[in-house]
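Asker: Sharing entry.cif here; it has mmCIF, C-alpha atoms.
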```cif
data_start
#
loop_
_atom_site.label_atom_id
_atom_site.label_comp_id
_atom_site.auth_asym_id
_atom_site.auth_seq_id
_atom_site.Cartn_x
_atom_site.Cartn_y
_atom_site.Cartn_z
CA ASP A 1416 98.35 125.97 172.50
CA SER A 1417 96.40 128.86 170.96
CA GLY A 1418 98.48 128.95 167.78
CA VAL A 1419 99.57 132.54 168.45
CA THR A 1420 103.33 132.83 168.91
CA GLN A 1421 105.00 135.66 170.76
CA THR A 1422 108.70 136.32 171.11
CA PRO A 1423 110.61 136.87 173.23
CA LYS A 1424 109.02 135.38 176.35
CA HIS A 1425 110.99 137.63 178.65
CA LEU A 1426 112.72 140.94 178.07
CA ILE A 1427 114.79 142.89 180.56
CA THR A 1428 115.98 146.34 179.62
CA ALA A 1429 116.80 149.74 181.04
CA THR A 1430 114.89 152.99 181.12
CA GLY A 1431 115.20 155.03 177.96
CA GLN A 1432 115.76 152.00 175.75
CA ARG A 1433 113.69 150.71 172.84
CA VAL A 1434 112.40 147.17 172.35
CA THR A 1435 110.45 145.27 169.74
CA LEU A 1436 107.96 142.55 170.54
CA ARG A 1437 106.95 140.11 167.86
CA CYS A 1438 103.72 138.23 167.23
CA SER A 1439 102.80 135.56 164.71
CA PRO A 1440 99.04 135.08 164.48
CA ARG A 1441 97.24 131.80 164.04
CA SER A 1442 97.31 130.46 160.52
CA GLY A 1443 94.55 132.15 158.53
CA ASP A 1444 93.88 134.94 161.01
CA LEU A 1445 93.96 138.43 159.50
CA SER A 1446 93.35 140.50 162.64
CA VAL A 1447 96.01 141.09 165.25
CA TYR A 1448 95.46 142.84 168.57
CA TRP A 1449 97.91 144.02 171.21
CA TYR A 1450 97.08 144.22 174.92
CA GLN A 1451 99.01 145.31 177.98
CA GLN A 1452 98.50 143.59 181.33
CA SER A 1453 99.80 145.30 184.42
CA LEU A 1454 98.96 144.75 188.08
CA ASP A 1455 97.23 148.08 188.53
CA GLN A 1456 95.52 148.41 185.15
CA GLY A 1457 94.51 144.88 184.27
CA LEU A 1458 94.24 143.95 180.61
CA GLN A 1459 94.16 147.03 178.41
CA PHE A 1460 93.64 147.12 174.66
CA LEU A 1461 96.40 148.92 172.80
CA ILE A 1462 95.91 148.59 169.05
CA GLN A 1463 94.40 146.42 166.31
CA TYR A 1464 95.53 145.63 162.79
CA TYR A 1465 93.61 143.93 160.04
CA ASN A 1466 95.41 142.63 156.97
CA GLY A 1467 98.19 145.15 157.35
CA GLU A 1468 96.10 148.19 158.19
CA GLU A 1469 95.50 149.82 161.54
CA ARG A 1470 91.85 149.41 162.51
CA ALA A 1471 91.46 150.60 166.08
CA LYS A 1472 93.48 152.28 168.78
CA GLY A 1473 93.05 152.06 172.49
CA ASN A 1474 95.08 153.62 175.26
CA ILE A 1475 98.35 153.33 173.44
CA LEU A 1476 101.08 155.80 174.34
CA GLU A 1477 102.74 157.89 171.64
CA ARG A 1478 106.02 156.20 172.55
CA PHE A 1479 104.52 152.92 171.40
CA SER A 1480 103.87 151.94 167.81
CA ALA A 1481 102.97 148.82 165.94
CA GLN A 1482 102.72 147.44 162.46
CA GLN A 1483 101.50 144.36 160.66
CA PHE A 1484 103.59 143.02 157.82
CA PRO A 1485 102.50 141.39 154.52
CA ASP A 1486 103.04 137.94 156.03
CA LEU A 1487 100.60 139.06 158.78
CA HIS A 1488 103.04 138.93 161.65
CA SER A 1489 103.01 142.01 163.83
CA GLU A 1490 105.54 143.93 165.86
CA LEU A 1491 104.99 146.25 168.80
CA ASN A 1492 107.70 148.84 169.28
CA LEU A 1493 108.15 150.44 172.68
CA SER A 1494 110.57 153.35 172.95
CA SER A 1495 111.90 155.70 175.63
CA LEU A 1496 110.96 153.02 178.11
CA GLU A 1497 109.93 153.97 181.63
CA LEU A 1498 109.68 151.89 184.77
CA GLY A 1499 105.90 151.97 184.45
CA ASP A 1500 106.05 150.20 181.12
CA SER A 1501 106.97 146.98 182.90
CA ALA A 1502 104.08 144.64 182.19
CA LEU A 1503 102.95 141.61 180.26
CA TYR A 1504 102.24 142.34 176.62
CA PHE A 1505 99.83 140.02 174.84
CA CYS A 1506 99.06 139.58 171.22
CA ALA A 1507 95.78 138.08 170.10
CA SER A 1508 94.51 137.16 166.67
CA SER A 1509 91.18 136.42 165.07
CA VAL A 1510 89.94 135.41 161.67
CA ALA A 1511 88.41 138.83 161.22
CA ALA A 1512 87.09 141.63 163.36
CA GLY A 1513 84.26 140.50 165.58
CA TYR A 1514 85.40 136.92 165.90
CA ILE A 1515 86.92 135.17 168.90
CA GLN A 1516 90.34 136.47 169.82
CA TYR A 1517 92.98 133.88 170.66
CA PHE A 1518 95.86 135.01 172.83
CA GLY A 1519 99.54 134.21 172.78
CA ALA A 1520 101.53 133.40 175.92
CA GLY A 1521 102.75 136.98 176.19
CA THR A 1522 106.05 138.80 176.56
CA ARG A 1523 107.05 139.85 180.04
CA LEU A 1524 108.85 143.18 179.89
CA SER A 1525 110.87 144.35 182.84
CA VAL A 1526 112.26 147.88 182.70
CA LEU A 1527 114.97 148.44 185.30
CA GLY B 766 83.01 155.71 182.67
CA GLU B 767 82.17 152.57 180.76
CA SER B 768 83.59 149.50 182.38
CA VAL B 769 83.31 145.81 182.84
CA GLY B 770 83.79 144.78 186.44
CA LEU B 771 83.73 141.79 188.74
CA HIS B 772 81.98 141.41 192.07
CA LEU B 773 84.37 138.99 193.81
CA PRO B 774 88.13 139.14 193.46
CA THR B 775 88.68 135.65 194.92
CA LEU B 776 86.44 132.60 194.97
CA SER B 777 87.37 129.46 196.87
CA VAL B 778 85.39 126.27 196.21
CA GLN B 779 85.64 122.62 197.10
CA GLU B 780 86.56 120.19 194.37
CA GLY B 781 83.41 118.75 192.86
CA ASP B 782 81.23 121.72 193.77
CA ASN B 783 79.81 124.13 191.24
CA SER B 784 81.40 127.57 190.83
CA ILE B 785 79.70 130.79 189.87
CA ILE B 786 81.75 133.79 188.79
CA ASN B 787 79.94 137.07 188.31
CA CYS B 788 80.54 140.11 186.17
CA ALA B 789 78.76 143.45 185.85
CA TYR B 790 78.95 145.60 182.78
CA SER B 791 77.81 149.14 182.17
CA ASN B 792 77.66 149.46 178.38
CA SER B 793 74.34 148.23 177.03
CA ALA B 794 75.69 148.64 173.46
CA SER B 795 78.00 145.65 173.82
CA ASP B 796 77.50 143.06 171.07
CA TYR B 797 78.87 140.07 172.81
CA PHE B 798 80.60 138.92 175.93
CA ILE B 799 83.44 136.50 176.39
CA TRP B 800 84.86 134.59 179.31
CA TYR B 801 88.58 133.93 179.41
CA LYS B 802 90.62 131.78 181.77
CA GLN B 803 94.17 132.76 182.58
CA GLU B 804 96.52 130.36 184.30
CA SER B 805 99.73 131.54 185.86
CA GLY B 806 102.35 132.36 183.23
CA LYS B 807 99.96 131.91 180.33
CA GLY B 808 97.84 134.07 178.11
CA PRO B 809 94.05 134.32 178.41
CA GLN B 810 92.33 131.22 177.07
CA PHE B 811 88.89 131.46 175.47
CA ILE B 812 86.21 129.57 177.38
CA ILE B 813 82.83 130.60 176.04
CA ASP B 814 81.05 133.57 174.55
CA ILE B 815 77.49 134.79 174.30
CA ARG B 816 75.82 137.22 171.95
CA SER B 817 73.76 140.06 173.35
CA ASN B 818 70.57 138.57 171.84
CA MET B 819 70.95 135.41 173.94
CA ASP B 820 70.27 134.72 177.62
CA LYS B 821 72.13 131.49 178.08
CA ARG B 822 74.76 129.40 176.40
CA GLN B 823 76.22 126.09 177.45
CA GLY B 824 79.54 124.50 176.78
CA GLN B 825 81.37 121.56 178.24
CA ARG B 826 80.90 121.91 182.03
CA VAL B 827 80.41 125.67 181.63
CA THR B 828 77.32 127.81 181.26
CA VAL B 829 77.18 131.55 180.68
CA LEU B 830 74.11 133.52 181.65
CA LEU B 831 73.40 137.03 180.46
CA ASN B 832 70.87 139.27 182.17
CA LYS B 833 70.60 142.42 180.12
CA THR B 834 68.02 143.96 182.44
CA VAL B 835 70.54 144.30 185.25
CA LYS B 836 73.64 144.18 183.00
CA HIS B 837 74.99 141.08 184.62
CA LEU B 838 76.97 138.17 183.27
CA SER B 839 77.86 134.96 185.06
CA LEU B 840 80.00 131.92 184.38
CA GLN B 841 78.97 128.67 185.97
CA ILE B 842 81.44 125.82 186.15
CA ALA B 843 80.00 122.43 187.01
CA ALA B 844 81.90 119.89 189.12
CA THR B 845 84.87 122.19 189.60
CA GLN B 846 88.24 120.50 189.27
CA PRO B 847 91.73 121.49 190.47
CA GLY B 848 92.61 122.29 186.86
CA ASP B 849 89.97 124.99 186.90
CA SER B 850 92.05 127.04 189.34
CA ALA B 851 92.93 130.23 187.49
CA VAL B 852 91.92 133.87 187.06
CA TYR B 853 88.73 134.31 185.08
CA PHE B 854 88.02 137.45 183.09
CA CYS B 855 84.84 138.61 181.47
CA ALA B 856 85.23 140.86 178.47
CA GLU B 857 82.84 142.82 176.32
CA ASN B 858 83.14 143.43 172.63
CA ARG B 859 81.55 146.24 170.69
CA GLU B 860 81.63 146.07 166.92
CA ASN B 861 81.29 149.84 166.66
CA ALA B 862 84.40 150.26 168.79
CA GLY B 863 86.75 148.36 166.52
CA ASN B 864 86.01 145.00 168.14
CA MET B 865 88.45 145.69 170.92
CA LEU B 866 87.87 143.75 174.10
CA THR B 867 87.24 145.59 177.34
CA PHE B 868 88.21 143.34 180.21
CA GLY B 869 86.97 143.20 183.76
CA GLY B 870 89.38 143.07 186.67
CA GLY B 871 89.36 139.29 186.98
CA THR B 872 88.31 136.77 189.64
CA ARG B 873 90.73 134.24 191.06
CA LEU B 874 89.17 130.80 191.43
CA MET B 875 90.84 128.51 193.94
CA VAL B 876 89.76 124.88 194.04
CA LYS B 877 90.37 123.05 197.30
CA PRO B 878 90.98 119.30 197.04
#
```
Go through the file and emit its structure as structure tokens.

Answerer:
Amino acid sequence: DSGVTQTPKHLITATGQRVTLRCSPRSGDLSVYWYQQSLDQGLQFLIQYYNGEERAKGNILERFSAQQFPDLHSELNLSSLELGDSALYFCASSVAAGYIQYFGAGTRLSVL
Amino acid sequence: GESVGLHLPTLSVQEGDNSIINCAYSNSASDYFIWYKQESGKGPQFIIDIRSNMDKRQGQRVTVLLNKTVKHLSLQIAATQPGDSAVYFCAENRENAGNMLTFGGGTRLMVKP
């Protein structure tokens, strides 16, 4: 167990809908990262937060947004969902930027 | 473009043998490299990392070698066990790129009993 908790484990929704994925980092970790894993793209970095502030952005679509709350948990919001958004979404956390990232078990999103 | 890639998509080894998983990278500015193991239905699990100023690092049954001249990284697993069966990813981290990880495509390791 990495100590990173993601909910829900599975999510099934329809095109055009909006969903929220939740991540609780390991105790003491200030940095949270979101990654998308799909069959054709592999693991892709989406966005990073550090102590509530956005620090880095990867290939994150404009339809996607994230935030990190004062208690350090993070949420990834995906809107206007398309079939191609079906993927595994992972959250990782680290003590600070540049330290080892520990991954949660992921949320499997299926857009039908 | 910049990428981290793997030479072999699938590696099949006999239980007890040593395994070597390879990874090529293209960005010489990377600060450190990490190997992750991902079992079916789970998230990537940290195995070992190595800083760019090192050539070799050993852990429990695992060794990572870094050859900066040819931009090559390898993970050696000694006495491979059935529990080692998984997909292995190398990833690079650049501090000047927000410490995001850039992952390779992954190698599936299959251990035959």

Asker: Calculated over all atoms listed in the file, which of the candidates A:Asn1492, A:Gln1452, A:Ser1439, A:Asn1466 has the smallest distance to chain B?

Answerer: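 Counting all atoms listed in the file, the residue closest to chain B is A:Gln1452.
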
Asker: Pull out every residue that the PyMOL selection byres ((chain B) within 6 of (chain A)) matches in the shown coordinates and put them as JSON, numbers by chain.

Answerer: {"B": [807, 808, 809, 863, 864, 870]}

Asker: Which is closer to Glu860 of chain B than all the others in B:Leu830, B:Ala843, B:Ala789, B:Ala794, using all atoms listed in the file?

Answerer: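 Closest candidate: B:Ala794.
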
Asker: Please list as JSON, numbers by chain every residue within 10 Å of Phe1479 of chain A, counting all atoms listed in the file and excluding residues in the same chain fewer than 5 positions away.

Answerer: {"A": [1433, 1434, 1435, 1461, 1462, 1491, 1492, 1493, 1494, 1495, 1496]}

Asker: For Asn832 of chain B, please output as number ranges by chain all residues within 9 Å (counting all atoms listed in the file; exclusion window: fewer than 5 positions along the same chain).

Answerer: B: 820-821, 837-839

Asker: Taking the file as shown, what set of residues would the PyMOL selection byres ((chain B and resi 796-803) around 9) give back, as JSON, numbers by chain?

Answerer: {"A": [1515], "B": [793, 794, 795, 804, 805, 806, 807, 808, 809, 810, 811, 812, 813, 814, 815, 816, 817, 818, 829, 831, 838, 840, 849, 851, 852, 853, 854, 855, 856, 857, 858, 859, 860, 861, 866]}

Asker: Those same residues - C-alpha atoms - I'd like them written as a compact mmCIF listing (two decimals), keeping the file's coordinate frame.

Answerer:
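The result, stored in part16.txt:
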```txt
# COMPACT_ATOMS: atom_id res chain seq x y z
CA ILE A 1515 86.92 135.17 168.90
CA SER B 793 74.34 148.23 177.03
CA ALA B 794 75.69 148.64 173.46
CA SER B 795 78.00 145.65 173.82
CA GLU B 804 96.52 130.36 184.30
CA SER B 805 99.73 131.54 185.86
CA GLY B 806 102.35 132.36 183.23
CA LYS B 807 99.96 131.91 180.33
CA GLY B 808 97.84 134.07 178.11
CA PRO B 809 94.05 134.32 178.41
CA GLN B 810 92.33 131.22 177.07
CA PHE B 811 88.89 131.46 175.47
CA ILE B 812 86.21 129.57 177.38
CA ILE B 813 82.83 130.60 176.04
CA ASP B 814 81.05 133.57 174.55
CA ILE B 815 77.49 134.79 174.30
CA ARG B 816 75.82 137.22 171.95
CA SER B 817 73.76 140.06 173.35
CA ASN B 818 70.57 138.57 171.84
CA VAL B 829 77.18 131.55 180.68
CA LEU B 831 73.40 137.03 180.46
CA LEU B 838 76.97 138.17 183.27
CA LEU B 840 80.00 131.92 184.38
CA ASP B 849 89.97 124.99 186.90
CA ALA B 851 92.93 130.23 187.49
CA VAL B 852 91.92 133.87 187.06
CA TYR B 853 88.73 134.31 185.08
CA PHE B 854 88.02 137.45 183.09
CA CYS B 855 84.84 138.61 181.47
CA ALA B 856 85.23 140.86 178.47
CA GLU B 857 82.84 142.82 176.32
CA ASN B 858 83.14 143.43 172.63
CA ARG B 859 81.55 146.24 170.69
CA GLU B 860 81.63 146.07 166.92
CA ASN B 861 81.29 149.84 166.66
CA LEU B 866 87.87 143.75 174.10
```

Asker: Residues around (84.6, 122.1, 189.5), cut-off 9 Å, counting only C-alpha atoms - what are they as a VMD selection string?

Answerer: chain B and resid 778 to 784 826 842 to 850 876

Asker: Please write the residues from the selection above to a file, keeping C-alpha atoms, as a CSV table (one decimal), in the coordinates of the input.

Answerer:
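Saved file selection.csv follows:
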```csv
chain,number,residue,atom,x,y,z
B,778,VAL,CA,85.4,126.3,196.2
B,779,GLN,CA,85.6,122.6,197.1
B,780,GLU,CA,86.6,120.2,194.4
B,781,GLY,CA,83.4,118.8,192.9
B,782,ASP,CA,81.2,121.7,193.8
B,783,ASN,CA,79.8,124.1,191.2
B,784,SER,CA,81.4,127.6,190.8
B,826,ARG,CA,80.9,121.9,182.0
B,842,ILE,CA,81.4,125.8,186.2
B,843,ALA,CA,80.0,122.4,187.0
B,844,ALA,CA,81.9,119.9,189.1
B,845,THR,CA,84.9,122.2,189.6
B,846,GLN,CA,88.2,120.5,189.3
B,847,PRO,CA,91.7,121.5,190.5
B,848,GLY,CA,92.6,122.3,186.9
B,849,ASP,CA,90.0,125.0,186.9
B,850,SER,CA,92.0,127.0,189.3
B,876,VAL,CA,89.8,124.9,194.0
```

Asker: Kindly resolve the PyMOL selection byres ((chain A and resi 1525) around 12) on the present coordinates and return the residues as a list in words.

Answerer: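 Taken on the displayed file, the PyMOL selection byres ((chain A and resi 1525) around 12) yields the residues Lys1424, His1425, Leu1426, Ile1427, Thr1428, Ala1429, Thr1430, Gln1432, Val1434, Ser1453, Leu1496, Glu1497, Leu1498, Gly1499, Asp1500, Ser1501, Ala1502, Leu1503, Tyr1504, Thr1522, Arg1523, Leu1524, Val1526 and Leu1527 of chain A.
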
Asker: What is the atom CA of Pro774 of chain B to atom CA of Arg873 of chain B distance in Å?

Answerer: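 Separating atom CA of Pro774 of chain B from atom CA of Arg873 of chain B is a distance of 6.0 Å.
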
Asker: In Å, with one decimal, what is the gap from atom CA of Ala1481 of chain A to atom CA of Arg1437 of chain A?

Answerer: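 That distance, rounded to one decimal, is 9.8 Å.
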
Asker: For atom CA of Gln1482 of chain A and atom CA of Leu1445 of chain A, quote the distance in Å rounded to one decimal.

Answerer: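 Computing the Euclidean distance for atom CA of Gln1482 of chain A and atom CA of Leu1445 of chain A yields 12.9 Å.
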
Asker: Using only C-alpha atoms, find the one residue out of A:Asn1474, A:Gly1467, A:Pro1485, A:Gln1421 that sits nearest to Ser1446 of chain A.

Answerer: A:Gly1467

Asker: Calculate, to one decimal in Å, the centre and edge lengths of the box along x, y and z of the file that holds all listed atoms of segment 1432-1446 of chain A with 5 Å of margin on each side, and present them as AutoDock Vina command-line options.

Answerer:
```
--center_x 104.6 --center_y 141.2 --center_z 167.1 --size_x 32.4 --size_y 31.5 --size_z 27.2
```
